[in-house]
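What follows is the content of my_file-v7.csv (CSV, C-alpha atoms and all ligand atoms).
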```
chain,number,residue,atom,x,y,z
A,1,MET,CA,-53.5,64.1,-25.3
A,2,THR,CA,-52.0,66.0,-22.4
A,3,THR,CA,-48.2,65.7,-22.0
A,4,VAL,CA,-47.1,66.0,-18.4
A,5,PHE,CA,-43.5,66.5,-17.2
A,6,ILE,CA,-43.0,65.4,-13.6
A,7,THR,CA,-39.7,66.1,-11.8
A,8,GLY,CA,-38.6,63.6,-9.2
A,9,SER,CA,-40.8,60.8,-10.5
A,10,THR,CA,-38.5,57.9,-9.6
A,11,ASP,CA,-39.9,57.6,-6.2
A,12,GLY,CA,-42.7,58.5,-3.8
A,13,ILE,CA,-45.4,61.0,-4.7
A,14,GLY,CA,-43.9,61.8,-8.1
A,15,ARG,CA,-43.8,58.2,-9.2
A,16,ARG,CA,-47.4,57.6,-8.1
A,17,THR,CA,-48.5,60.8,-9.8
A,18,ALA,CA,-46.9,59.6,-13.0
A,19,GLU,CA,-48.8,56.2,-12.7
A,20,LEU,CA,-52.1,57.9,-12.0
A,21,LEU,CA,-51.8,60.4,-14.9
A,22,ARG,CA,-50.8,57.6,-17.3
A,23,ALA,CA,-53.9,55.7,-16.2
A,24,ARG,CA,-56.0,58.9,-17.0
A,25,GLY,CA,-54.5,58.8,-20.5
A,26,CYS,CA,-51.7,61.4,-20.3
A,27,ASP,CA,-48.4,61.1,-21.9
A,28,VAL,CA,-45.9,61.4,-19.1
A,29,ILE,CA,-42.3,62.4,-19.1
A,30,VAL,CA,-40.5,61.1,-16.0
A,31,HIS,CA,-37.4,62.5,-14.5
A,32,GLY,CA,-34.8,61.5,-11.9
A,33,ARG,CA,-31.1,61.8,-11.0
A,34,ASP,CA,-30.3,58.1,-11.3
A,35,PRO,CA,-30.3,56.7,-14.9
A,36,ALA,CA,-31.1,53.1,-13.8
A,37,LYS,CA,-34.1,54.3,-11.7
A,38,VAL,CA,-35.3,56.5,-14.5
A,39,ASP,CA,-35.1,53.6,-17.0
A,40,ALA,CA,-37.0,51.3,-14.7
A,41,VAL,CA,-39.8,53.8,-13.9
A,42,ARG,CA,-40.0,54.8,-17.6
A,43,SER,CA,-40.7,51.2,-18.5
A,44,ASP,CA,-42.9,50.4,-15.5
A,45,VAL,CA,-45.1,53.5,-16.0
A,46,GLY,CA,-45.1,53.5,-19.8
A,47,ALA,CA,-43.7,57.0,-20.0
A,48,VAL,CA,-42.9,58.6,-23.4
A,49,ALA,CA,-39.5,59.7,-22.1
A,50,GLY,CA,-37.2,59.5,-19.2
A,51,LEU,CA,-34.9,62.5,-18.5
A,52,VAL,CA,-31.9,62.4,-16.2
A,53,ALA,CA,-30.5,65.4,-14.3
A,54,ASP,CA,-29.3,66.2,-10.8
A,55,LEU,CA,-31.2,69.2,-9.8
A,56,GLY,CA,-28.4,70.3,-7.5
A,57,ASP,CA,-26.5,71.4,-10.6
A,58,LEU,CA,-28.2,74.2,-12.4
A,59,HIS,CA,-26.2,73.5,-15.6
A,60,GLN,CA,-27.8,70.1,-15.7
A,61,VAL,CA,-31.2,71.7,-15.0
A,62,GLU,CA,-30.7,74.0,-18.0
A,63,GLN,CA,-30.1,71.0,-20.2
A,64,LEU,CA,-33.1,69.3,-18.7
A,65,ALA,CA,-35.3,72.3,-19.5
A,66,ASP,CA,-34.0,72.1,-23.2
A,67,GLN,CA,-34.7,68.4,-23.4
A,68,ALA,CA,-38.2,68.8,-21.8
A,69,ALA,CA,-39.0,71.8,-24.1
A,70,GLU,CA,-38.4,69.6,-27.2
A,71,LEU,CA,-41.1,67.2,-25.9
A,72,GLN,CA,-43.6,70.1,-25.6
A,73,PRO,CA,-45.2,69.4,-22.2
A,74,ASP,CA,-48.6,70.9,-21.5
A,75,VAL,CA,-48.0,70.6,-17.8
A,76,LEU,CA,-44.9,70.9,-15.6
A,77,ILE,CA,-45.1,69.4,-12.1
A,78,ASN,CA,-42.3,70.7,-9.9
A,79,ASN,CA,-42.4,67.7,-7.6
A,80,ALA,CA,-38.7,66.7,-6.9
A,81,GLY,CA,-37.6,67.5,-3.4
A,82,VAL,CA,-35.1,66.8,-0.7
A,83,TYR,CA,-35.0,67.2,3.0
A,84,ALA,CA,-31.3,67.4,4.1
A,85,ARG,CA,-30.8,66.7,7.8
A,86,GLU,CA,-27.1,67.6,7.4
A,87,ARG,CA,-26.0,70.5,5.3
A,88,ILE,CA,-25.2,69.3,1.8
A,89,ASP,CA,-23.5,71.6,-0.6
A,90,MET,CA,-24.4,70.7,-4.2
A,91,PRO,CA,-22.5,72.1,-7.3
A,92,SER,CA,-24.9,75.1,-7.4
A,93,GLY,CA,-25.4,75.7,-3.7
A,94,GLU,CA,-27.1,74.5,-0.5
A,95,ALA,CA,-29.3,71.4,-1.3
A,96,ASN,CA,-32.7,72.5,0.0
A,97,TRP,CA,-32.5,75.9,-1.7
A,98,VAL,CA,-31.1,74.6,-5.0
A,99,VAL,CA,-33.0,71.4,-5.6
A,100,ASN,CA,-36.4,72.4,-4.1
A,101,HIS,CA,-36.4,76.1,-5.1
A,102,LEU,CA,-33.9,77.3,-7.7
A,103,ALA,CA,-34.1,74.2,-10.0
A,104,ALA,CA,-38.0,74.4,-9.9
A,105,SER,CA,-37.9,78.1,-10.7
A,106,LEU,CA,-35.5,77.6,-13.6
A,107,LEU,CA,-37.6,74.9,-15.1
A,108,THR,CA,-40.7,77.1,-14.7
A,109,ASP,CA,-39.1,80.2,-16.2
A,110,ALA,CA,-37.7,78.2,-19.2
A,111,LEU,CA,-40.9,76.1,-20.0
A,112,ILE,CA,-43.7,78.6,-19.6
A,113,PRO,CA,-42.8,80.5,-22.8
A,114,GLU,CA,-42.8,77.2,-24.7
A,115,MET,CA,-46.3,76.1,-23.5
A,116,LYS,CA,-49.4,76.2,-25.6
A,117,PRO,CA,-52.5,78.0,-24.3
A,118,GLY,CA,-54.0,76.0,-21.4
A,119,GLY,CA,-50.5,75.1,-20.1
A,120,ARG,CA,-50.1,74.5,-16.4
A,121,VAL,CA,-47.4,74.7,-13.8
A,122,VAL,CA,-47.8,72.9,-10.5
A,123,TYR,CA,-45.4,73.4,-7.5
A,124,VAL,CA,-45.5,70.7,-4.9
A,125,SER,CA,-45.0,72.9,-1.8
A,126,SER,CA,-45.8,71.9,1.7
A,127,ILE,CA,-47.9,72.8,4.8
A,128,ALA,CA,-44.4,73.4,6.3
A,129,HIS,CA,-44.4,76.8,4.5
A,130,GLY,CA,-46.7,78.1,7.2
A,131,ARG,CA,-44.1,78.3,10.0
A,132,ALA,CA,-41.2,79.2,7.7
A,133,GLN,CA,-39.1,82.3,7.7
A,134,LEU,CA,-37.5,83.5,4.4
A,135,ASP,CA,-34.1,85.2,4.9
A,136,LEU,CA,-33.3,86.7,1.5
A,137,ASP,CA,-29.9,87.9,2.9
A,138,ASP,CA,-28.8,84.4,3.8
A,139,PRO,CA,-31.1,81.8,2.2
A,140,GLU,CA,-28.4,79.1,2.1
A,141,PHE,CA,-27.3,79.4,5.7
A,142,GLU,CA,-23.9,80.7,5.0
A,143,ARG,CA,-23.9,83.1,8.0
A,144,ARG,CA,-26.5,81.5,10.3
A,145,PRO,CA,-26.2,78.0,11.8
A,146,TYR,CA,-27.7,75.3,9.6
A,147,ASP,CA,-31.2,74.3,10.7
A,148,HIS,CA,-32.6,71.4,8.7
A,149,TYR,CA,-36.2,72.1,9.3
A,150,ALA,CA,-35.9,75.8,8.7
A,151,ALA,CA,-33.9,75.2,5.5
A,152,TYR,CA,-36.6,72.8,4.1
A,153,ALA,CA,-39.6,74.9,5.2
A,154,GLN,CA,-38.0,78.0,3.7
A,155,SER,CA,-37.6,76.2,0.4
A,156,LYS,CA,-41.3,75.1,0.5
A,157,LEU,CA,-42.4,78.7,1.3
A,158,ALA,CA,-40.3,79.8,-1.7
A,159,ASN,CA,-42.2,77.3,-3.9
A,160,LEU,CA,-45.5,78.8,-2.8
A,161,LEU,CA,-44.4,82.4,-3.2
A,162,MET,CA,-42.9,81.7,-6.7
A,163,ALA,CA,-46.2,80.1,-7.8
A,164,ARG,CA,-48.1,83.2,-6.5
A,165,GLU,CA,-45.7,85.7,-8.0
A,166,THR,CA,-45.3,84.0,-11.4
A,167,ALA,CA,-49.1,83.8,-11.7
A,168,ARG,CA,-49.4,87.5,-10.7
A,169,ARG,CA,-46.8,88.6,-13.4
A,170,LEU,CA,-48.5,86.5,-16.1
A,171,GLY,CA,-51.8,88.1,-15.2
A,172,PRO,CA,-55.3,86.8,-14.4
A,173,VAL,CA,-56.2,85.7,-17.9
A,174,ALA,CA,-52.9,84.3,-18.9
A,175,ASP,CA,-52.5,81.3,-21.2
A,176,VAL,CA,-50.6,79.3,-18.5
A,177,THR,CA,-51.8,78.8,-14.9
A,178,VAL,CA,-49.4,78.4,-12.0
A,179,ASN,CA,-50.5,76.9,-8.6
A,180,ALA,CA,-48.9,75.4,-5.5
A,181,LEU,CA,-50.1,72.6,-3.3
A,182,HIS,CA,-49.6,70.6,-0.1
A,183,PRO,CA,-49.8,66.9,-1.0
A,184,GLY,CA,-50.6,65.5,2.5
A,185,VAL,CA,-48.3,63.7,5.0
A,186,VAL,CA,-47.1,60.6,3.1
A,187,GLY,CA,-44.7,58.0,4.3
A,188,THR,CA,-42.1,58.4,1.5
A,189,LYS,CA,-38.3,58.4,2.2
A,190,LEU,CA,-38.4,62.2,2.4
A,191,LEU,CA,-40.7,61.9,5.4
A,192,THR,CA,-39.4,58.8,7.1
A,193,GLU,CA,-35.7,59.5,6.6
A,194,GLY,CA,-35.8,63.3,6.4
A,195,PHE,CA,-38.4,64.3,8.9
A,196,GLN,CA,-38.1,60.9,10.7
A,197,VAL,CA,-41.9,60.6,11.2
A,198,PRO,CA,-44.4,58.1,9.8
A,199,GLY,CA,-47.0,59.1,7.1
A,200,ARG,CA,-50.7,59.5,7.6
A,201,ASP,CA,-51.8,59.6,3.9
A,202,ASP,CA,-51.2,56.9,1.3
A,203,LEU,CA,-49.6,57.6,-2.0
A,204,ASP,CA,-52.9,57.9,-3.9
A,205,ALA,CA,-54.1,60.6,-1.5
A,206,GLY,CA,-50.7,62.3,-1.7
A,207,SER,CA,-50.8,62.4,-5.5
A,208,ALA,CA,-54.5,63.4,-5.8
A,209,THR,CA,-54.0,67.2,-5.7
A,210,SER,CA,-51.2,67.1,-8.4
A,211,VAL,CA,-53.6,65.0,-10.6
A,212,TYR,CA,-56.4,67.4,-9.9
A,213,LEU,CA,-54.4,70.5,-10.8
A,214,THR,CA,-53.1,68.8,-14.0
A,215,LEU,CA,-56.4,67.6,-15.4
A,216,ASP,CA,-59.4,68.8,-13.5
A,217,ALA,CA,-58.9,72.3,-12.2
A,218,ASP,CA,-60.5,75.3,-14.0
A,219,GLY,CA,-58.4,78.3,-15.0
A,220,THR,CA,-57.6,79.2,-11.3
A,221,THR,CA,-54.1,80.6,-11.0
A,222,GLY,CA,-51.8,81.8,-8.2
A,223,GLN,CA,-53.6,79.7,-5.6
A,224,TYR,CA,-52.5,77.2,-3.0
A,225,PHE,CA,-54.4,73.9,-2.9
A,226,VAL,CA,-54.8,71.3,-0.1
A,227,ARG,CA,-56.9,68.1,-0.8
A,228,SER,CA,-57.8,69.4,-4.3
A,229,LYS,CA,-59.4,72.6,-2.9
A,230,PRO,CA,-58.1,76.2,-2.7
A,231,ALA,CA,-56.7,77.0,0.8
A,232,SER,CA,-55.3,80.0,2.5
A,233,PRO,CA,-51.5,80.2,2.5
A,234,GLN,CA,-50.2,80.7,6.1
A,235,GLY,CA,-47.7,83.0,7.6
A,236,LEU,CA,-45.4,84.6,5.0
A,237,GLY,CA,-47.2,82.7,2.2
A,238,ARG,CA,-49.5,85.8,1.8
A,239,ASP,CA,-46.7,88.3,1.6
A,240,ASP,CA,-46.8,89.7,-1.9
A,241,ALA,CA,-43.9,92.1,-1.4
A,242,LEU,CA,-41.7,89.3,-0.2
A,243,ALA,CA,-42.8,87.2,-3.2
A,244,ALA,CA,-41.8,89.9,-5.6
A,245,ALA,CA,-38.4,90.3,-4.0
A,246,LEU,CA,-37.9,86.6,-4.0
A,247,TYR,CA,-38.8,86.3,-7.6
A,248,ASP,CA,-36.3,89.0,-8.7
A,249,GLN,CA,-33.5,87.6,-6.5
A,250,THR,CA,-34.2,84.0,-7.7
A,251,LEU,CA,-34.0,84.8,-11.4
A,252,ALA,CA,-30.8,86.8,-10.8
A,253,ALA,CA,-29.2,83.9,-8.9
A,254,ILE,CA,-30.1,81.5,-11.6
A,255,GLU,CA,-28.6,83.7,-14.3
A,256,GLU,CA,-25.4,84.2,-12.2
A,257,ARG,CA,-25.0,80.5,-11.4
A,258,THR,CA,-25.7,79.2,-14.9
A,259,ALA,CA,-23.2,81.8,-16.3
A,260,GLN,CA,-20.3,80.4,-14.1
B,301,LIG,N1,-43.9,63.1,1.8
B,301,LIG,C1,-44.6,64.1,2.4
B,301,LIG,O1,-45.3,63.9,3.4
B,301,LIG,C2,-44.6,65.5,1.8
B,301,LIG,C3,-45.2,66.5,2.5
B,301,LIG,C4,-45.2,67.8,1.9
B,301,LIG,C5,-44.5,68.0,0.8
B,301,LIG,N2,-43.9,67.0,0.1
B,301,LIG,C6,-43.2,67.3,-1.1
B,301,LIG,O2,-43.5,66.3,-2.1
B,301,LIG,C7,-42.5,66.2,-3.1
B,301,LIG,C8,-42.1,64.8,-3.3
B,301,LIG,O3,-41.5,64.2,-2.2
B,301,LIG,P1,-41.7,62.7,-1.7
B,301,LIG,O4,-42.2,62.7,-0.3
B,301,LIG,O5,-42.4,61.9,-2.7
B,301,LIG,O6,-40.1,62.3,-1.6
B,301,LIG,P2,-39.3,61.1,-2.2
B,301,LIG,O7,-40.0,59.8,-2.2
B,301,LIG,O8,-38.0,61.2,-1.5
B,301,LIG,O9,-39.1,61.5,-3.7
B,301,LIG,C9,-38.4,62.6,-4.1
B,301,LIG,C10,-38.1,62.6,-5.6
B,301,LIG,O10,-37.2,63.7,-5.9
B,301,LIG,C11,-36.0,63.2,-6.5
B,301,LIG,N3,-34.8,64.0,-6.1
B,301,LIG,C12,-34.3,64.3,-4.9
B,301,LIG,N4,-33.2,65.0,-5.0
B,301,LIG,C13,-32.9,65.1,-6.3
B,301,LIG,C14,-31.9,65.7,-7.1
B,301,LIG,N5,-30.8,66.3,-6.5
B,301,LIG,N6,-31.9,65.7,-8.4
B,301,LIG,C15,-33.0,65.1,-9.0
B,301,LIG,N7,-34.0,64.5,-8.4
B,301,LIG,C16,-34.0,64.5,-7.1
B,301,LIG,C17,-35.9,61.8,-5.9
B,301,LIG,O11,-35.0,61.0,-6.7
B,301,LIG,P3,-34.4,59.6,-6.1
B,301,LIG,O12,-35.5,58.6,-6.5
B,301,LIG,O13,-33.1,59.4,-6.8
B,301,LIG,O14,-34.3,59.7,-4.6
B,301,LIG,C18,-37.3,61.3,-6.0
B,301,LIG,O15,-37.7,61.0,-7.3
B,301,LIG,C19,-41.3,67.0,-2.5
B,301,LIG,O16,-41.3,68.3,-3.2
B,301,LIG,C20,-41.7,67.3,-1.0
B,301,LIG,O17,-41.1,68.4,-0.5
B,301,LIG,C21,-43.9,65.8,0.6
```

How would this structure read if it were set down as structure tokens?
Amino acid sequence: MTTVFITGSTDGIGRRTAELLRARGCDVIVHGRDPAKVDAVRSDVGAVAGLVADLGDLHQVEQLADQAAELQPDVLINNAGVYARERIDMPSGEANWVVNHLAASLLTDALIPEMKPGGRVVYVSSIAHGRAQLDLDDPEFERRPYDHYAAYAQSKLANLLMARETARRLGPVADVTVNALHPGVVGTKLLTEGFQVPGRDDLDAGSATSVYLTLDADGTTGQYFVRSKPASPQGLGRDDALAAALYDQTLAAIEERTAQ
């Protein structure tokens, strides 16, 4: 039995991914920030556990990692995400950077050492990474004017680069694979309220690559997938020096902010 921990599974692509993986016989651990939504989805999906944490607070993310580790997931799907049209400062920093990037990186760093051979980490990134810039001197828009698209796209580029660099550091024959994906363009609240555009793909199509990387992919690691196939990262998504610098800065930021 494969146990899969899916962040942000109270809505949208994460919730549908949980349903599809349950239907394929997995034990699923659902997660969200709202206890009532987590309870409801846990019971609707038939999940083995429902974990609650606001990913904007890295102290809560640390506790979430501990709770998840006790349940011994074989797969972590870093799916939770936010698109903040206005700047939102969460307890641990700017919303796009903390929820989409730092929280996912913390969970990955904490859970990989706990995984059995065959473990998998999946980052739900986005095609938006392709036009993103990554400003390591000001990733949270403290000195430059806040730009909602740039902030979101930067966090999704960070997802892809963290997957690539984590896989590179683990090595080509590691026990745990780490990949990133673009799910499609799906009419969830992130798209309709955040981007303010309609979707093109349904929830099943938007969840298919997460399901593929959880159950069907071979030992491929460090790759970017679109429609369940390896694809070429765009723009800075191929910059290995940037990925290495991001990785080091990210783990240092997590350590500093969880120590406070
Ligand atoms: N939709 C698209 O077309 C598209 C395209 C490319 C990439 N993506 C990526 O796909 C992933 C899923 O997005 P979606 O479209 O399914 O969006 P969604 O329907 O808005 O779902 C987002 C999930 O993340 C959770 N979440 C948001 N902020 C959180 C926080 N601070 N703490 C804990 N949980 C939080 C939400 O919880 P609540 O239920 O409480 O809101 C929800 O469960 C994201 O990483 C997104 O960047 C989506």

Subject >> Nearby polymer residues, ligand LIG 301 (chain B), at most 8 Å, all atoms listed in the file, as a PyMOL selection string >> reply: chain A and resi 7-15+31-34+37+52-57+78-83+95+99-100+123-128+152+156+182-191+199+201+206

Original post:
Do you have the CA of Glu142 (chain A)-CA of Arg87 (chain A) distance handy?
Top reply: 10.4 Å

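Proximity to Leu107 (chain A) was assessed for A:Ile88, A:Leu213, A:Val61, A:Ala167 counting all atoms listed in the file; the smallest distance is recorded for A:Val61.
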
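Nearest residue to Asn179 (chain A) among A:Val226, A:Ala23, A:Val197, A:Ile29 is A:Val226, counting all atoms listed in the file.
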
**OP:** Step by step: start from the point (-45.9, 79.1, 7.0) in the file's coordinates, keep every protein, DNA or RNA residue that has an atom no farther than 10 Å from it, count all atoms listed in the file, and write the set as a list of chain:residue names.
**Re:** A:Ser126, A:Ile127, A:Ala128, A:His129, A:Gly130, A:Arg131, A:Ala132, A:Gln133, A:Leu134, A:Ala153, A:Gln154, A:Lys156, A:Leu157, A:Leu160, A:Pro233, A:Gln234, A:Gly235, A:Leu236, A:Gly237, A:Arg238

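Picture a line from CA of Glu94 (chain A) to CA of Glu140 (chain A); it runs 5.4 Å.
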
Subject >> Selected residue of minimal separation from Arg227 (chain A) among A:Leu251, A:Ala180, A:Leu20, A:Ala40, counting all atoms listed in the file >> reply: A:Ala180

Original post:
A:Arg168, A:Thr108, A:Ala253, A:Val211: which is nearest Gly25 (chain A), counting all atoms listed in the file?
Top reply: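 Among the listed residues, the smallest separation from Gly25 (chain A) belongs to A:Val211.
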
Original post:
Given the choices A:Asp175, A:Glu70, A:Asp89, A:Asp138, which gets closest to Val121 (chain A) if the distance is worked out from all atoms listed in the file?
Top reply: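 The closest residue to Val121 (chain A) is A:Asp175.
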
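Using all atoms listed in the file, the nearest neighbour of Ser207 (chain A) within the list A:Ile6, A:Ala49, A:Met1, A:Met115 is A:Ile6.
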
**OP:** Within 7 Å of region 43-47 of chain A, counting all atoms listed in the file, which residues show up once you throw out same-chain ones fewer than 5 positions away? Write them as a PyMOL selection string, please.
**Re:** chain A and resi 19+27-30

Residue subset to file, keeping C-alpha atoms, as a PDB file, in the frame of the given file:
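Below is the file that was written, selection_3.pdb:
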```
ATOM      1  CA  GLU A  19     -48.800  56.200 -12.700  1.00  0.00           C
ATOM      2  CA  ASP A  27     -48.400  61.100 -21.900  1.00  0.00           C
ATOM      3  CA  VAL A  28     -45.900  61.400 -19.100  1.00  0.00           C
ATOM      4  CA  ILE A  29     -42.300  62.400 -19.100  1.00  0.00           C
ATOM      5  CA  VAL A  30     -40.500  61.100 -16.000  1.00  0.00           C
TER       6      VAL A  30
END
```

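The environment of Ala68 (chain A) within 9 Å, counting all atoms listed in the file and disregarding residues fewer than 4 places along the same chain, consists of Phe5, Ile29, Leu51, Gln63, Leu64, Gln72, Pro73 and Leu111 of chain A.
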
4 Å per side around region 82-97 of chain A: axis-aligned box centre and edge lengths, as JSON:
```
{"center_x": -28.8, "center_y": 71.3, "center_z": 0.2, "size_x": 20.6, "size_y": 17.2, "size_z": 23.2}
```
